[in-house]
file upload_2.cif (mmCIF, C-alpha atoms)
data_entry
#
loop_
_atom_site.group_PDB
_atom_site.id
_atom_site.type_symbol
_atom_site.label_atom_id
_atom_site.label_comp_id
_atom_site.auth_asym_id
_atom_site.auth_seq_id
_atom_site.Cartn_x
_atom_site.Cartn_y
_atom_site.Cartn_z
ATOM 1 C CA MET A 1 55.801 -105.236 173.407
ATOM 2 C CA LYS A 2 55.594 -106.804 170.006
ATOM 3 C CA HIS A 3 55.782 -104.624 166.865
ATOM 4 C CA VAL A 4 52.486 -104.511 164.929
ATOM 5 C CA PRO A 5 52.922 -103.920 161.189
ATOM 6 C CA THR A 6 51.315 -100.752 159.813
ATOM 7 C CA TRP A 7 49.208 -102.708 157.330
ATOM 8 C CA LEU A 8 47.706 -104.716 160.203
ATOM 9 C CA LYS A 9 46.897 -101.545 162.157
ATOM 10 C CA THR A 10 45.195 -100.117 159.069
ATOM 11 C CA CYS A 11 43.142 -103.289 158.586
ATOM 12 C CA ALA A 12 42.157 -103.370 162.249
ATOM 13 C CA LEU A 13 41.104 -99.714 162.125
ATOM 14 C CA SER A 14 39.008 -100.277 159.007
ATOM 15 C CA PHE A 15 37.136 -103.145 160.687
ATOM 16 C CA ALA A 16 36.651 -101.098 163.844
ATOM 17 C CA LEU A 17 34.897 -98.249 162.041
ATOM 18 C CA PRO A 18 31.100 -98.516 162.069
ATOM 19 C CA LEU A 19 29.750 -99.667 158.719
ATOM 20 C CA ALA A 20 27.228 -96.816 158.727
ATOM 21 C CA SER A 21 30.111 -94.357 158.387
ATOM 22 C CA LEU A 22 31.212 -96.032 155.149
ATOM 23 C CA PRO A 23 28.483 -95.329 152.589
ATOM 24 C CA GLN A 24 28.780 -97.857 149.789
ATOM 25 C CA THR A 25 27.304 -95.636 147.093
ATOM 26 C CA LEU A 26 29.695 -92.716 147.466
ATOM 27 C CA THR A 27 33.058 -92.156 145.812
ATOM 28 C CA ALA A 28 36.006 -90.776 147.761
ATOM 29 C CA GLU A 29 34.840 -87.330 146.646
ATOM 30 C CA GLY A 30 31.409 -87.897 148.189
ATOM 31 C CA GLU A 31 29.643 -88.426 144.865
ATOM 32 C CA ILE A 32 27.482 -91.361 143.878
ATOM 33 C CA SER A 33 29.206 -93.482 141.245
ATOM 34 C CA MET A 34 27.545 -93.656 137.847
ATOM 35 C CA GLN A 35 26.885 -97.409 138.169
ATOM 36 C CA ASP A 36 25.335 -97.032 141.621
ATOM 37 C CA GLN A 37 23.204 -94.148 140.350
ATOM 38 C CA ALA A 38 22.011 -96.350 137.483
ATOM 39 C CA ILE A 39 20.983 -99.004 140.028
ATOM 40 C CA LEU A 40 19.129 -96.448 142.158
ATOM 41 C CA THR A 41 17.457 -95.096 139.021
ATOM 42 C CA ALA A 42 16.268 -98.628 138.139
ATOM 43 C CA ILE A 43 14.765 -99.058 141.621
ATOM 44 C CA GLU A 44 13.131 -95.623 141.565
ATOM 45 C CA ALA A 45 11.745 -96.212 138.033
ATOM 46 C CA MET A 46 10.153 -99.488 139.138
ATOM 47 C CA THR A 47 8.662 -97.848 142.238
ATOM 48 C CA SER A 48 7.261 -94.932 140.218
ATOM 49 C CA ALA A 49 5.821 -97.278 137.592
ATOM 50 C CA PHE A 50 4.174 -99.365 140.308
ATOM 51 C CA GLU A 51 2.653 -96.308 141.988
ATOM 52 C CA ALA A 52 1.352 -95.166 138.575
ATOM 53 C CA GLY A 53 -0.110 -98.599 137.800
ATOM 54 C CA ASN A 54 2.149 -99.094 134.756
ATOM 55 C CA MET A 55 2.494 -102.880 134.964
ATOM 56 C CA ASP A 56 4.374 -103.179 131.664
ATOM 57 C CA ARG A 57 7.131 -100.932 133.027
ATOM 58 C CA VAL A 58 7.075 -102.739 136.392
ATOM 59 C CA MET A 59 7.621 -106.094 134.711
ATOM 60 C CA GLN A 60 10.409 -104.648 132.526
ATOM 61 C CA SER A 61 12.281 -103.927 135.781
ATOM 62 C CA TYR A 62 12.788 -107.674 136.264
ATOM 63 C CA GLU A 63 14.601 -110.409 134.390
ATOM 64 C CA PRO A 64 12.143 -112.970 132.925
ATOM 65 C CA LYS A 65 12.733 -115.634 135.628
ATOM 66 C CA ALA A 66 13.139 -113.210 138.560
ATOM 67 C CA ALA A 67 12.129 -114.375 142.035
ATOM 68 C CA ILE A 68 9.797 -111.885 143.746
ATOM 69 C CA ALA A 69 8.677 -112.396 147.346
ATOM 70 C CA PHE A 70 5.207 -110.906 147.643
ATOM 71 C CA GLU A 71 4.928 -112.790 150.949
ATOM 72 C CA PRO A 72 7.861 -113.517 153.284
ATOM 73 C CA GLY A 73 9.589 -116.740 152.323
ATOM 74 C CA GLN A 74 7.336 -117.412 149.307
ATOM 75 C CA PRO A 75 9.008 -116.148 146.131
ATOM 76 C CA ILE A 76 7.247 -116.307 142.779
ATOM 77 C CA SER A 77 9.267 -116.825 139.589
ATOM 78 C CA ASP A 78 6.386 -117.053 137.129
ATOM 79 C CA ALA A 79 6.040 -113.714 135.283
ATOM 80 C CA ALA A 80 2.261 -114.043 134.780
ATOM 81 C CA MET A 81 1.706 -114.767 138.472
ATOM 82 C CA ALA A 82 4.003 -111.888 139.450
ATOM 83 C CA ARG A 83 2.141 -109.487 137.169
ATOM 84 C CA ALA A 84 -1.203 -110.577 138.658
ATOM 85 C CA ALA A 85 0.168 -110.078 142.177
ATOM 86 C CA PHE A 86 1.413 -106.577 141.287
ATOM 87 C CA GLU A 87 -1.947 -105.731 139.699
ATOM 88 C CA GLY A 88 -3.780 -106.880 142.831
ATOM 89 C CA PHE A 89 -1.517 -104.916 145.139
ATOM 90 C CA ALA A 90 -1.818 -101.819 142.934
ATOM 91 C CA GLN A 91 -5.524 -101.675 143.868
ATOM 92 C CA VAL A 92 -4.552 -100.045 147.190
ATOM 93 C CA ASN A 93 -2.927 -97.111 145.328
ATOM 94 C CA PRO A 94 0.368 -97.472 147.200
ATOM 95 C CA GLU A 95 2.733 -94.584 147.827
ATOM 96 C CA PHE A 96 6.248 -95.597 148.877
ATOM 97 C CA THR A 97 8.927 -93.750 150.774
ATOM 98 C CA TYR A 98 12.492 -94.996 151.201
ATOM 99 C CA SER A 99 14.472 -93.841 154.227
ATOM 100 C CA GLY A 100 17.821 -94.617 152.608
ATOM 101 C CA HIS A 101 19.565 -96.777 150.052
ATOM 102 C CA GLU A 102 22.674 -98.916 150.119
ATOM 103 C CA VAL A 103 24.191 -100.413 146.991
ATOM 104 C CA ILE A 104 26.947 -103.018 146.969
ATOM 105 C CA ARG A 105 28.295 -104.049 143.573
ATOM 106 C CA ALA A 106 30.482 -106.928 142.410
ATOM 107 C CA GLY A 107 30.952 -106.644 138.669
ATOM 108 C CA ASP A 108 27.590 -107.032 136.939
ATOM 109 C CA ILE A 109 25.736 -108.060 140.129
ATOM 110 C CA ALA A 110 24.430 -105.558 142.684
ATOM 111 C CA LEU A 111 22.704 -105.760 146.040
ATOM 112 C CA HIS A 112 20.257 -102.968 146.883
ATOM 113 C CA ILE A 113 19.029 -102.575 150.467
ATOM 114 C CA ALA A 114 16.474 -99.973 151.514
ATOM 115 C CA PRO A 115 14.061 -99.494 154.416
ATOM 116 C CA TRP A 116 10.638 -98.523 153.064
ATOM 117 C CA SER A 117 7.211 -97.445 154.213
ATOM 118 C CA MET A 118 3.968 -97.471 152.265
ATOM 119 C CA VAL A 119 0.560 -95.919 152.680
ATOM 120 C CA GLY A 120 -2.442 -96.929 150.636
ATOM 121 C CA GLN A 121 -6.176 -97.289 150.753
ATOM 122 C CA THR A 122 -8.303 -100.426 150.484
ATOM 123 C CA PRO A 123 -11.162 -100.411 147.951
ATOM 124 C CA ASP A 124 -13.599 -99.717 150.823
ATOM 125 C CA GLY A 125 -11.619 -96.617 151.864
ATOM 126 C CA GLN A 126 -9.600 -97.866 154.844
ATOM 127 C CA GLU A 127 -6.075 -96.499 155.067
ATOM 128 C CA ILE A 128 -3.345 -99.088 155.310
ATOM 129 C CA GLN A 129 0.288 -98.678 156.289
ATOM 130 C CA GLN A 130 3.145 -101.100 155.897
ATOM 131 C CA SER A 131 6.892 -100.960 156.235
ATOM 132 C CA GLY A 132 9.805 -103.260 155.679
ATOM 133 C CA LEU A 133 13.301 -103.738 154.405
ATOM 134 C CA SER A 134 13.749 -104.209 150.677
ATOM 135 C CA VAL A 135 16.593 -106.506 149.663
ATOM 136 C CA ALA A 136 17.042 -106.821 145.909
ATOM 137 C CA VAL A 137 19.672 -108.396 143.688
ATOM 138 C CA LEU A 138 20.115 -106.796 140.281
ATOM 139 C CA ARG A 139 22.118 -107.830 137.227
ATOM 140 C CA GLN A 140 23.523 -105.485 134.628
ATOM 141 C CA GLN A 141 22.144 -106.204 131.175
ATOM 142 C CA GLY A 142 24.009 -106.153 127.856
ATOM 143 C CA ASP A 143 22.740 -102.637 127.147
ATOM 144 C CA GLY A 144 24.105 -101.350 130.480
ATOM 145 C CA SER A 145 20.731 -101.179 132.241
ATOM 146 C CA TRP A 146 20.029 -102.998 135.521
ATOM 147 C CA ARG A 147 17.176 -105.435 136.146
ATOM 148 C CA MET A 148 16.132 -107.203 139.305
ATOM 149 C CA VAL A 149 16.782 -110.926 139.600
ATOM 150 C CA ILE A 150 15.621 -111.299 143.222
ATOM 151 C CA ASP A 151 13.263 -108.880 144.974
ATOM 152 C CA ASN A 152 12.398 -109.365 148.629
ATOM 153 C CA PRO A 153 10.556 -106.375 150.145
ATOM 154 C CA HIS A 154 10.161 -108.396 153.361
ATOM 155 C CA GLY A 155 13.844 -108.628 154.232
ATOM 156 C CA ALA A 156 13.201 -107.700 157.864
ATOM 157 C CA HIS A 157 10.670 -110.476 158.587
ATOM 158 C CA LEU A 158 13.256 -112.747 160.186
ATOM 159 C CA MET A 159 14.084 -110.070 162.752
ATOM 160 C CA GLN A 160 10.455 -109.924 163.870
ATOM 161 C CA ARG A 161 10.300 -113.556 165.003
#
call {"tool": "encode", "arguments": {"input": "upload_2.cif", "output": "structure tokens"}}
result
Amino acid sequence: MKHVPTWLKTCALSFALPLASLPQTLTAEGEISMQDQAILTAIEAMTSAFEAGNMDRVMQSYEPKAAIAFEPGQPISDAAMARAAFEGFAQVNPEFTYSGHEVIRAGDIALHIAPWSMVGQTPDGQEIQQSGLSVAVLRQQGDGSWRMVIDNPHGAHLMQR
């Protein structure tokens, strides 16, 4: 039997572990890192602003040329069009719930992934429900804050084909 170096055994073991058991937002001590918490705070602030109908704050969550997919596969990068789309969608008084968050960072770029569900009400009183997988790319700004560059709340649409 051939000798397998310890480093190779360690690498093989790390790849064999399920990814779900390796939370990306936790430190070795089980705490969320400050940078990852800042990213989660940016996402939560945008969601809260949207639910409250504060479109100025919603738009401040994005870089000026951000790509936002209000429909699967059809991103909008025009800020005025994005604002109008948010204002239209806000008419259903959405309430969002996230069932978890994953943050992966590489320097000043971060990927945020979160399953979500939403309940709302059409202007004529009908309840609506939607769910999906949010996939967002954020960039750290000069002041240390994080803003979205790409926002795709329909990240699961390819799995439903």
call {"tool": "residues_around", "arguments": {"input": "upload_2.cif", "residues": "Pro72 in chain A", "least_positions_apart": "3", "cutoff": "9 Å", "atoms": "all atoms listed in the file", "output": "PyMOL selection string"}}
result
chain A and resi 69+75+152-155+157-158
call {"tool": "closest_residue", "arguments": {"input": "upload_2.cif", "among": "A:Phe86, A:Ser131, A:Gln74, A:Ile109", "to": "Arg57 in chain A", "atoms": "only C-alpha atoms"}}
result
A:Phe86
call {"tool": "atom_distance", "arguments": {"input": "upload_2.cif", "atom1": "CA of Gly120 in chain A", "atom2": "CA of Thr97 in chain A"}}
result
11.8 Å
call {"tool": "residues_around", "arguments": {"input": "upload_2.cif", "residues": "Ile43 in chain A", "least_positions_apart": "3", "cutoff": "9 Å", "atoms": "only C-alpha atoms", "output": "PyMOL selection string"}}
result
chain A and resi 38-40+46-48+61+112+146-148
call {"tool": "residues_around", "arguments": {"input": "upload_2.cif", "residues": "range 54-56 of chain A", "least_positions_apart": "2", "cutoff": "12 Å", "atoms": "all atoms listed in the file", "output": "ChimeraX atom specification"}}
result
/A:45-52,58-62,79-80,82-90,93
call {"tool": "write_last_selection", "arguments": {"input": "upload_2.cif", "atoms": "C-alpha atoms", "output": "PDB file, in the coordinates of the input"}}
result
ATOM      1  CA  ALA A  45      11.745 -96.212 138.033  1.00  0.00           C
ATOM      2  CA  MET A  46      10.153 -99.488 139.138  1.00  0.00           C
ATOM      3  CA  THR A  47       8.662 -97.848 142.238  1.00  0.00           C
ATOM      4  CA  SER A  48       7.261 -94.932 140.218  1.00  0.00           C
ATOM      5  CA  ALA A  49       5.821 -97.278 137.592  1.00  0.00           C
ATOM      6  CA  PHE A  50       4.174 -99.365 140.308  1.00  0.00           C
ATOM      7  CA  GLU A  51       2.653 -96.308 141.988  1.00  0.00           C
ATOM      8  CA  ALA A  52       1.352 -95.166 138.575  1.00  0.00           C
ATOM      9  CA  VAL A  58       7.075-102.739 136.392  1.00  0.00           C
ATOM     10  CA  MET A  59       7.621-106.094 134.711  1.00  0.00           C
ATOM     11  CA  GLN A  60      10.409-104.648 132.526  1.00  0.00           C
ATOM     12  CA  SER A  61      12.281-103.927 135.781  1.00  0.00           C
ATOM     13  CA  TYR A  62      12.788-107.674 136.264  1.00  0.00           C
ATOM     14  CA  ALA A  79       6.040-113.714 135.283  1.00  0.00           C
ATOM     15  CA  ALA A  80       2.261-114.043 134.780  1.00  0.00           C
ATOM     16  CA  ALA A  82       4.003-111.888 139.450  1.00  0.00           C
ATOM     17  CA  ARG A  83       2.141-109.487 137.169  1.00  0.00           C
ATOM     18  CA  ALA A  84      -1.203-110.577 138.658  1.00  0.00           C
ATOM     19  CA  ALA A  85       0.168-110.078 142.177  1.00  0.00           C
ATOM     20  CA  PHE A  86       1.413-106.577 141.287  1.00  0.00           C
ATOM     21  CA  GLU A  87      -1.947-105.731 139.699  1.00  0.00           C
ATOM     22  CA  GLY A  88      -3.780-106.880 142.831  1.00  0.00           C
ATOM     23  CA  PHE A  89      -1.517-104.916 145.139  1.00  0.00           C
ATOM     24  CA  ALA A  90      -1.818-101.819 142.934  1.00  0.00           C
ATOM     25  CA  ASN A  93      -2.927 -97.111 145.328  1.00  0.00           C
TER      26      ASN A  93
END
call {"tool": "axis_aligned_box", "arguments": {"input": "upload_2.cif", "around": "range 144-158 of chain A", "padding_each_side": "3 Å", "output": "AutoDock Vina command-line options"}}
result
--center_x 17.1 --center_y -107.0 --center_z 145.3 --size_x 19.9 --size_y 17.6 --size_z 35.7
call {"tool": "closest_residue", "arguments": {"input": "upload_2.cif", "among": "A:Glu63, A:Ser33, A:Phe70, A:Val135", "to": "His101 in chain A", "atoms": "all atoms listed in the file"}}
result
A:Val135
call {"tool": "resolve_selection", "arguments": {"input": "upload_2.cif", "expression": "the PyMOL selection byres ((chain A and resi 103-106) around 10)", "output": "list in words"}}
result
Pro23, Gln24, Thr25, Leu26, Gln35, Asp36, Gln37, Ile39, Leu40, His101, Glu102, Gly107, Asp108, Ile109, Ala110, Leu111, His112, Ile113, Ala114, Ala136, Val137, Leu138 and Arg139 of chain A
call {"tool": "atom_distance", "arguments": {"input": "upload_2.cif", "atom1": "CA of Trp116 in chain A", "atom2": "CA of Asp78 in chain A"}}
result
24.8 Å
call {"tool": "build_atoms", "arguments": {"input": "upload_2.cif", "residues": "range 54-84 of chain A", "atoms": "N, CA and C atoms", "output": "PDB file, keeping the file's coordinate frame"}}
result
ATOM      1  N   ASN A  54       1.596 -98.720 136.049  1.00  0.00           N
ATOM      2  CA  ASN A  54       2.149 -99.094 134.756  1.00  0.00           C
ATOM      3  C   ASN A  54       2.810-100.471 134.882  1.00  0.00           C
ATOM      4  N   MET A  55       2.005-101.519 134.739  1.00  0.00           N
ATOM      5  CA  MET A  55       2.494-102.880 134.964  1.00  0.00           C
ATOM      6  C   MET A  55       3.491-103.341 133.904  1.00  0.00           C
ATOM      7  N   ASP A  56       3.381-102.819 132.678  1.00  0.00           N
ATOM      8  CA  ASP A  56       4.374-103.179 131.664  1.00  0.00           C
ATOM      9  C   ASP A  56       5.756-102.713 132.108  1.00  0.00           C
ATOM     10  N   ARG A  57       5.840-101.481 132.571  1.00  0.00           N
ATOM     11  CA  ARG A  57       7.131-100.932 133.027  1.00  0.00           C
ATOM     12  C   ARG A  57       7.607-101.647 134.292  1.00  0.00           C
ATOM     13  N   VAL A  58       6.689-101.989 135.190  1.00  0.00           N
ATOM     14  CA  VAL A  58       7.075-102.739 136.392  1.00  0.00           C
ATOM     15  C   VAL A  58       7.730-104.044 135.978  1.00  0.00           C
ATOM     16  N   MET A  59       7.104-104.784 135.101  1.00  0.00           N
ATOM     17  CA  MET A  59       7.621-106.094 134.711  1.00  0.00           C
ATOM     18  C   MET A  59       8.933-105.980 133.934  1.00  0.00           C
ATOM     19  N   GLN A  60       9.142-104.866 133.232  1.00  0.00           N
ATOM     20  CA  GLN A  60      10.409-104.648 132.526  1.00  0.00           C
ATOM     21  C   GLN A  60      11.559-104.403 133.497  1.00  0.00           C
ATOM     22  N   SER A  61      11.251-104.151 134.757  1.00  0.00           N
ATOM     23  CA  SER A  61      12.281-103.927 135.781  1.00  0.00           C
ATOM     24  C   SER A  61      12.914-105.231 136.247  1.00  0.00           C
ATOM     25  N   TYR A  62      12.348-106.352 135.815  1.00  0.00           N
ATOM     26  CA  TYR A  62      12.788-107.674 136.264  1.00  0.00           C
ATOM     27  C   TYR A  62      13.285-108.507 135.092  1.00  0.00           C
ATOM     28  N   GLU A  63      14.233-109.399 135.374  1.00  0.00           N
ATOM     29  CA  GLU A  63      14.601-110.409 134.390  1.00  0.00           C
ATOM     30  C   GLU A  63      13.428-111.387 134.272  1.00  0.00           C
ATOM     31  N   PRO A  64      13.305-112.092 133.138  1.00  0.00           N
ATOM     32  CA  PRO A  64      12.143-112.970 132.925  1.00  0.00           C
ATOM     33  C   PRO A  64      11.902-114.012 134.018  1.00  0.00           C
ATOM     34  N   LYS A  65      12.905-114.581 134.610  1.00  0.00           N
ATOM     35  CA  LYS A  65      12.733-115.634 135.628  1.00  0.00           C
ATOM     36  C   LYS A  65      13.020-115.107 137.041  1.00  0.00           C
ATOM     37  N   ALA A  66      12.848-113.812 137.257  1.00  0.00           N
ATOM     38  CA  ALA A  66      13.139-113.210 138.560  1.00  0.00           C
ATOM     39  C   ALA A  66      12.290-113.836 139.657  1.00  0.00           C
ATOM     40  N   ALA A  67      12.850-113.895 140.853  1.00  0.00           N
ATOM     41  CA  ALA A  67      12.129-114.375 142.035  1.00  0.00           C
ATOM     42  C   ALA A  67      11.679-113.160 142.832  1.00  0.00           C
ATOM     43  N   ILE A  68      10.367-113.033 143.037  1.00  0.00           N
ATOM     44  CA  ILE A  68       9.797-111.885 143.746  1.00  0.00           C
ATOM     45  C   ILE A  68       9.005-112.414 144.933  1.00  0.00           C
ATOM     46  N   ALA A  69       9.342-111.933 146.118  1.00  0.00           N
ATOM     47  CA  ALA A  69       8.677-112.396 147.346  1.00  0.00           C
ATOM     48  C   ALA A  69       7.554-111.429 147.712  1.00  0.00           C
ATOM     49  N   PHE A  70       6.348-111.730 147.264  1.00  0.00           N
ATOM     50  CA  PHE A  70       5.207-110.906 147.643  1.00  0.00           C
ATOM     51  C   PHE A  70       4.795-111.193 149.080  1.00  0.00           C
ATOM     52  N   GLU A  71       5.132-112.382 149.556  1.00  0.00           N
ATOM     53  CA  GLU A  71       4.928-112.790 150.949  1.00  0.00           C
ATOM     54  C   GLU A  71       6.273-113.285 151.469  1.00  0.00           C
ATOM     55  N   PRO A  72       6.571-113.045 152.747  1.00  0.00           N
ATOM     56  CA  PRO A  72       7.861-113.517 153.284  1.00  0.00           C
ATOM     57  C   PRO A  72       8.065-115.012 153.049  1.00  0.00           C
ATOM     58  N   GLY A  73       9.223-115.348 152.510  1.00  0.00           N
ATOM     59  CA  GLY A  73       9.589-116.740 152.323  1.00  0.00           C
ATOM     60  C   GLY A  73       8.867-117.477 151.215  1.00  0.00           C
ATOM     61  N   GLN A  74       8.102-116.755 150.373  1.00  0.00           N
ATOM     62  CA  GLN A  74       7.336-117.412 149.307  1.00  0.00           C
ATOM     63  C   GLN A  74       7.556-116.710 147.969  1.00  0.00           C
ATOM     64  N   PRO A  75       8.752-116.826 147.402  1.00  0.00           N
ATOM     65  CA  PRO A  75       9.008-116.148 146.131  1.00  0.00           C
ATOM     66  C   PRO A  75       8.241-116.763 144.967  1.00  0.00           C
ATOM     67  N   ILE A  76       7.923-115.908 144.019  1.00  0.00           N
ATOM     68  CA  ILE A  76       7.247-116.307 142.779  1.00  0.00           C
ATOM     69  C   ILE A  76       8.214-116.033 141.637  1.00  0.00           C
ATOM     70  N   SER A  77       8.393-117.009 140.750  1.00  0.00           N
ATOM     71  CA  SER A  77       9.267-116.825 139.589  1.00  0.00           C
ATOM     72  C   SER A  77       8.509-116.856 138.261  1.00  0.00           C
ATOM     73  N   ASP A  78       7.222-117.046 138.327  1.00  0.00           N
ATOM     74  CA  ASP A  78       6.386-117.053 137.129  1.00  0.00           C
ATOM     75  C   ASP A  78       5.954-115.616 136.820  1.00  0.00           C
ATOM     76  N   ALA A  79       6.309-115.110 135.639  1.00  0.00           N
ATOM     77  CA  ALA A  79       6.040-113.714 135.283  1.00  0.00           C
ATOM     78  C   ALA A  79       4.546-113.388 135.276  1.00  0.00           C
ATOM     79  N   ALA A  80       3.707-114.304 134.805  1.00  0.00           N
ATOM     80  CA  ALA A  80       2.261-114.043 134.780  1.00  0.00           C
ATOM     81  C   ALA A  80       1.698-113.946 136.195  1.00  0.00           C
ATOM     82  N   MET A  81       2.154-114.820 137.079  1.00  0.00           N
ATOM     83  CA  MET A  81       1.706-114.767 138.472  1.00  0.00           C
ATOM     84  C   MET A  81       2.205-113.493 139.158  1.00  0.00           C
ATOM     85  N   ALA A  82       3.446-113.106 138.863  1.00  0.00           N
ATOM     86  CA  ALA A  82       4.003-111.888 139.450  1.00  0.00           C
ATOM     87  C   ALA A  82       3.222-110.664 138.986  1.00  0.00           C
ATOM     88  N   ARG A  83       2.919-110.617 137.701  1.00  0.00           N
ATOM     89  CA  ARG A  83       2.141-109.487 137.169  1.00  0.00           C
ATOM     90  C   ARG A  83       0.774-109.414 137.849  1.00  0.00           C
ATOM     91  N   ALA A  84       0.105-110.553 137.999  1.00  0.00           N
ATOM     92  CA  ALA A  84      -1.203-110.577 138.658  1.00  0.00           C
ATOM     93  C   ALA A  84      -1.093-110.110 140.108  1.00  0.00           C
TER      94      ALA A  84
END
